[in-house]
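Accompanying notes for the structure given below.
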Amino acid sequence: MSYFLRRTAPLWLTTIISVYLFINYYFNIGGLQIEQLLLSFAVVITTASLGLGLINLSRSHILRIQRMQKGQWYYSIILLVSMIVTIVAGLFYGADSSEFTLLYDSTVSPLGSTLMSLFIVWLAPGAFRAVRIKNVESTALIITLMIILIGGSPIGSAYLLDSLTISSWLNSVLNAAAQRGLKITIGIGLVILGIRLLSGLEKTYLKGEITE
Amino acid sequence: MSQRSKWFTQEYLNWIIIGLMYITYILPVLFPFSPPLTIGEKATRFYNIVESLPEEPYILMAYDYSPVSYPLFQGLQEAFMKHIYSKNGRVICVAFSADGAMMYQKMEITFGYVWNTKTYGEDYVFLGYIPGGETGLASFLSSIRSVIATDFRGNLIDDLPIMKNIDTCTDFDLVIDCETGTTLGDGFVRQVSTVYKTTLAIACSGGATLEPYYPDQLQANLYPLPQVGAEYETLIKEPGNASAQLGVLFLGALYFILLFIFGNIARIFKRG
């Protein structure tokens, strides 16, 4: 493939589309239909990428089985069989069928609940051993933790109404301030990424088999 | 203390803590009780938003949570859906996470006692899973018909009476998103409130991260779950699933607080 098709064309395409969407958002140049079309392209591409993911996953696990990779090949068989059974159930019976729902409810739901339950089981000894008052910082952390726990549970709402006020203040003032800082930082990062994309400086998405 | 007996004590202590935890969670299931409940500002605010909706409002309801979180959302969802239907609302359901489609189907069973009295396609509809994260959401909100042609059951959306005058986000009176963590929370704020100025409510287990948007861009931030659900059930005077969980939550939280306290007392005694 020529250098133009590999590098120059995608760069120009990205820059033109980005500039167009940017101008249309702020100055409403009347390209709503094109914008909608581009957005629906994104949905189609994401759906197609799911299919691509399926192919990649199958390829890597088939390779593992072929090589009889130690300690892993039998997990790959389980994965592939589960994947095929789910796809077949979805394709032949439909995603809203009782067969597909049964498959989901008897695997994904209980597995998720089991993981969460295990997490809580090991959190309890952790709460006894690890949450320790050692210095000023840890004391402040534990006091905040207790207030949030009491305020966010029926204990505060039933018997300790003052904790509700304090926990609400902690959430809406201290927490909101910290979250706002984080979100602004992420926003600035995204603006910088946007500028780099607009100006064609951001080229990481062109990596892969391209060599200069 | 020898290494062996130290290990023995530590191991026993773990099992005692875990055993007591099981008892704490099982007791309120065997002997149900409901601690007194004070209705908070978040539930009241959302209740008032639903109350102020016009007659026959159109609601967009997004299912974006995983099966693990289903018990947290069930009570709240059923409560506000009943409230919406008391105003003859029309609910258009959709999922932006792959698990969401399955969660809608679960809801169809548990909320069947209400939905069975309603007509599919007229009072409610499920449009299925829309992939693409925030981009998919933006595309869906700008024009539903440009993204999908049929609902989850394969009916053409143009044939559904509920979809007759609905195509963009501005056609909805209220957008509600129920999600685990904050998968799309920020995205909903950016795409629904910022672009279309439509009233937005998010029920989220990690609602604290959305607090900076509340109440200007996010009109209702519903957390902690399921307590806010129990409060909503009390507001509509129909105690249900969320209210039934209060006893377990009460004892569970109390147990963890006692663990923090006794853990520190034990440390003080150990140090002498």
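Residue numbers start at 1 in each chain; chains themselves are named A, B, ... in the order of the structure tokens; ligands are numbered from 1 in the order shown.
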Contacts from chain A to chain B, 7 Å maximum, only C-alpha atoms: show me the residue list as a count of residues only. 32
A:Leu63 environment, 10 Å, only C-alpha atoms, sequence neighbours closer than 6 positions dropped, as number ranges by chain: A: 69, 73, 76
Only C-alpha atoms, please: the residues just picked out, written as a compact mmCIF listing (two decimals), in the first residue's frame.
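Writing done, so here's selection02.txt:
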# COMPACT_ATOMS: atom_id res chain seq x y z
CA GLN A 69 -0.32 -24.43 25.78
CA TRP A 73 -5.60 -24.97 26.50
CA SER A 76 -9.61 -22.03 25.75
Backbone-only DSSP, alpha helix (DSSP H) members of stretch 98-162 of chain A, as a PyMOL selection string: chain A and resi 98-129+136-151+154-158+161-162
Atom pair atom CA of A:Ile17 / atom CA of B:Phe96: separation (Å):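 The value is 24.9 Å.
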Nearest-residue call for A:Ile16, choices A:Leu198, A:Lys203, A:Val136, A:His61, using only C-alpha atoms: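 Of A:Leu198, A:Lys203, A:Val136, A:His61, the one nearest A:Ile16, counting only C-alpha atoms, is A:Leu198.
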Return as a CSV table (one decimal) with all heavy atoms, in the first residue's frame the full set of residues in stretch 33-154 of chain B whose backbone-based DSSP assignment is strand (DSSP E).
chain,number,residue,atom,x,y,z
B,58,TYR,N,-43.5,11.5,27.9
B,58,TYR,CA,-42.7,10.5,27.2
B,58,TYR,C,-41.3,10.4,27.9
B,58,TYR,O,-40.7,11.4,28.1
B,58,TYR,CB,-42.5,10.9,25.7
B,58,TYR,CG,-43.6,10.5,24.9
B,58,TYR,CD1,-44.7,11.4,24.7
B,58,TYR,CD2,-43.7,9.3,24.2
B,58,TYR,CE1,-45.8,11.0,24.0
B,58,TYR,CE2,-44.8,8.9,23.4
B,58,TYR,CZ,-45.8,9.8,23.3
B,58,TYR,OH,-46.9,9.4,22.6
B,59,ILE,N,-41.0,9.2,28.3
B,59,ILE,CA,-39.8,9.0,29.1
B,59,ILE,C,-38.8,8.1,28.4
B,59,ILE,O,-39.2,7.0,27.8
B,59,ILE,CB,-40.1,8.3,30.5
B,59,ILE,CG1,-41.4,8.9,31.2
B,59,ILE,CG2,-38.9,8.2,31.4
B,59,ILE,CD1,-41.2,10.3,31.7
B,60,LEU,N,-37.6,8.4,28.4
B,60,LEU,CA,-36.5,7.5,27.8
B,60,LEU,C,-35.8,6.9,29.0
B,60,LEU,O,-35.3,7.5,29.9
B,60,LEU,CB,-35.5,8.3,27.0
B,60,LEU,CG,-34.4,7.4,26.4
B,60,LEU,CD1,-34.9,6.5,25.4
B,60,LEU,CD2,-33.2,8.3,25.8
B,61,MET,N,-35.9,5.6,29.0
B,61,MET,CA,-35.3,4.8,30.2
B,61,MET,C,-34.2,3.9,29.7
B,61,MET,O,-34.4,3.0,28.8
B,61,MET,CB,-36.5,4.0,30.7
B,61,MET,CG,-36.2,2.9,31.7
B,61,MET,SD,-35.9,3.7,33.3
B,61,MET,CE,-34.5,2.7,33.8
B,62,ALA,N,-33.0,4.2,30.1
B,62,ALA,CA,-31.8,3.5,29.7
B,62,ALA,C,-31.4,2.4,30.7
B,62,ALA,O,-31.2,2.8,31.9
B,62,ALA,CB,-30.6,4.4,29.4
B,63,TYR,N,-31.2,1.2,30.3
B,63,TYR,CA,-30.7,0.1,31.2
B,63,TYR,C,-29.2,-0.1,30.9
B,63,TYR,O,-28.9,-0.7,29.9
B,63,TYR,CB,-31.5,-1.2,30.9
B,63,TYR,CG,-32.9,-1.2,31.3
B,63,TYR,CD1,-33.9,-0.6,30.5
B,63,TYR,CD2,-33.3,-1.8,32.5
B,63,TYR,CE1,-35.2,-0.6,30.9
B,63,TYR,CE2,-34.6,-1.8,32.9
B,63,TYR,CZ,-35.6,-1.2,32.1
B,63,TYR,OH,-36.9,-1.2,32.5
B,64,ASP,N,-28.4,0.4,31.9
B,64,ASP,CA,-27.0,0.2,31.6
B,64,ASP,C,-26.3,-0.4,32.8
B,64,ASP,O,-25.1,0.0,33.2
B,64,ASP,CB,-26.4,1.6,31.3
B,64,ASP,CG,-26.9,2.1,30.0
B,64,ASP,OD1,-27.1,1.3,29.1
B,64,ASP,OD2,-27.1,3.3,29.9
B,90,ARG,N,-45.5,7.2,28.9
B,90,ARG,CA,-45.1,6.3,27.9
B,90,ARG,C,-43.6,6.1,28.1
B,90,ARG,O,-42.9,7.1,28.1
B,90,ARG,CB,-45.4,6.8,26.5
B,90,ARG,CG,-46.8,7.4,26.3
B,90,ARG,CD,-47.6,6.3,25.7
B,90,ARG,NE,-48.9,6.8,25.3
B,90,ARG,CZ,-50.0,6.8,26.1
B,90,ARG,NH1,-49.9,6.4,27.3
B,90,ARG,NH2,-51.2,7.3,25.6
B,91,VAL,N,-43.2,4.8,28.2
B,91,VAL,CA,-41.8,4.6,28.5
B,91,VAL,C,-41.1,3.9,27.3
B,91,VAL,O,-41.5,2.8,26.9
B,91,VAL,CB,-41.7,3.7,29.8
B,91,VAL,CG1,-40.2,3.5,30.2
B,91,VAL,CG2,-42.4,4.4,31.0
B,92,ILE,N,-40.0,4.5,26.8
B,92,ILE,CA,-39.3,4.0,25.7
B,92,ILE,C,-37.9,3.5,26.3
B,92,ILE,O,-37.1,4.3,26.8
B,92,ILE,CB,-39.1,5.0,24.6
B,92,ILE,CG1,-40.4,5.2,23.9
B,92,ILE,CG2,-38.0,4.6,23.6
B,92,ILE,CD1,-40.7,6.6,23.6
B,93,CYS,N,-37.8,2.2,26.4
B,93,CYS,CA,-36.6,1.6,27.0
B,93,CYS,C,-35.5,1.3,26.0
B,93,CYS,O,-35.8,1.0,24.8
B,93,CYS,CB,-37.0,0.3,27.7
B,93,CYS,SG,-38.3,0.5,28.9
B,94,VAL,N,-34.3,1.4,26.4
B,94,VAL,CA,-33.1,1.2,25.5
B,94,VAL,C,-31.9,0.7,26.4
B,94,VAL,O,-32.0,1.0,27.6
B,94,VAL,CB,-32.8,2.5,24.7
B,94,VAL,CG1,-32.3,3.6,25.5
B,94,VAL,CG2,-31.9,2.2,23.5
B,95,ALA,N,-30.9,0.1,25.8
B,95,ALA,CA,-29.7,-0.2,26.5
B,95,ALA,C,-28.5,0.2,25.8
B,95,ALA,O,-28.4,0.0,24.6
B,95,ALA,CB,-29.7,-1.7,26.7
B,124,TYR,N,-45.3,1.0,26.4
B,124,TYR,CA,-43.8,0.8,26.6
B,124,TYR,C,-43.3,0.1,25.4
B,124,TYR,O,-44.0,-0.6,24.7
B,124,TYR,CB,-43.5,0.1,27.9
B,124,TYR,CG,-43.9,-1.4,27.9
B,124,TYR,CD1,-43.0,-2.4,27.8
B,124,TYR,CD2,-45.3,-1.8,28.1
B,124,TYR,CE1,-43.3,-3.7,27.8
B,124,TYR,CE2,-45.6,-3.1,28.1
B,124,TYR,CZ,-44.6,-4.1,28.0
B,124,TYR,OH,-45.0,-5.4,28.0
B,125,VAL,N,-42.0,0.2,25.2
B,125,VAL,CA,-41.3,-0.5,24.1
B,125,VAL,C,-39.8,-0.6,24.5
B,125,VAL,O,-39.3,0.1,25.3
B,125,VAL,CB,-41.5,0.3,22.8
B,125,VAL,CG1,-40.7,1.6,22.8
B,125,VAL,CG2,-41.1,-0.5,21.6
B,126,PHE,N,-39.2,-1.7,24.0
B,126,PHE,CA,-37.8,-1.8,24.2
B,126,PHE,C,-37.1,-1.8,22.8
B,126,PHE,O,-37.4,-2.6,22.0
B,126,PHE,CB,-37.5,-3.1,25.0
B,126,PHE,CG,-36.0,-3.3,25.2
B,126,PHE,CD1,-35.3,-2.3,25.8
B,126,PHE,CD2,-35.4,-4.5,24.9
B,126,PHE,CE1,-33.9,-2.5,26.1
B,126,PHE,CE2,-34.0,-4.7,25.2
B,126,PHE,CZ,-33.3,-3.7,25.8
B,127,LEU,N,-36.2,-0.9,22.7
B,127,LEU,CA,-35.5,-0.7,21.4
B,127,LEU,C,-34.2,-1.5,21.2
B,127,LEU,O,-33.6,-1.5,20.2
B,127,LEU,CB,-35.2,0.8,21.1
B,127,LEU,CG,-36.5,1.7,21.1
B,127,LEU,CD1,-36.1,3.2,20.9
B,127,LEU,CD2,-37.5,1.3,20.1
B,128,GLY,N,-33.8,-2.2,22.3
B,128,GLY,CA,-32.6,-3.1,22.2
B,128,GLY,C,-31.3,-2.4,22.6
B,128,GLY,O,-31.3,-1.3,23.2
B,129,TYR,N,-30.2,-3.0,22.3
B,129,TYR,CA,-28.9,-2.6,22.6
B,129,TYR,C,-28.3,-1.7,21.5
B,129,TYR,O,-28.3,-2.1,20.4
B,129,TYR,CB,-28.0,-3.8,23.0
B,129,TYR,CG,-26.5,-3.5,23.0
B,129,TYR,CD1,-26.0,-2.5,23.8
B,129,TYR,CD2,-25.6,-4.3,22.2
B,129,TYR,CE1,-24.6,-2.3,23.8
B,129,TYR,CE2,-24.3,-4.1,22.2
B,129,TYR,CZ,-23.8,-3.0,23.0
B,129,TYR,OH,-22.4,-2.8,23.1
Would you pick out the contacts of A:Glu202 at 8 Å or less, using only C-alpha atoms, so that residues sharing its chain but fewer than 4 positions from it are not included, and give the list as a list of chain:residue names?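 Close residues of A:Glu202: A:Leu193, A:Arg196, A:Leu197.
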Interatomic distance (Å, one decimal) between atom CA of B:Lys118 and atom CA of B:Cys204: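 Between these atoms lies a distance of 27.2 Å.
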Report the distance between atom CA of A:Pro10 and atom CA of A:Leu206 in Å, rounded to one decimal place.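 So the answer is 7.9 Å.
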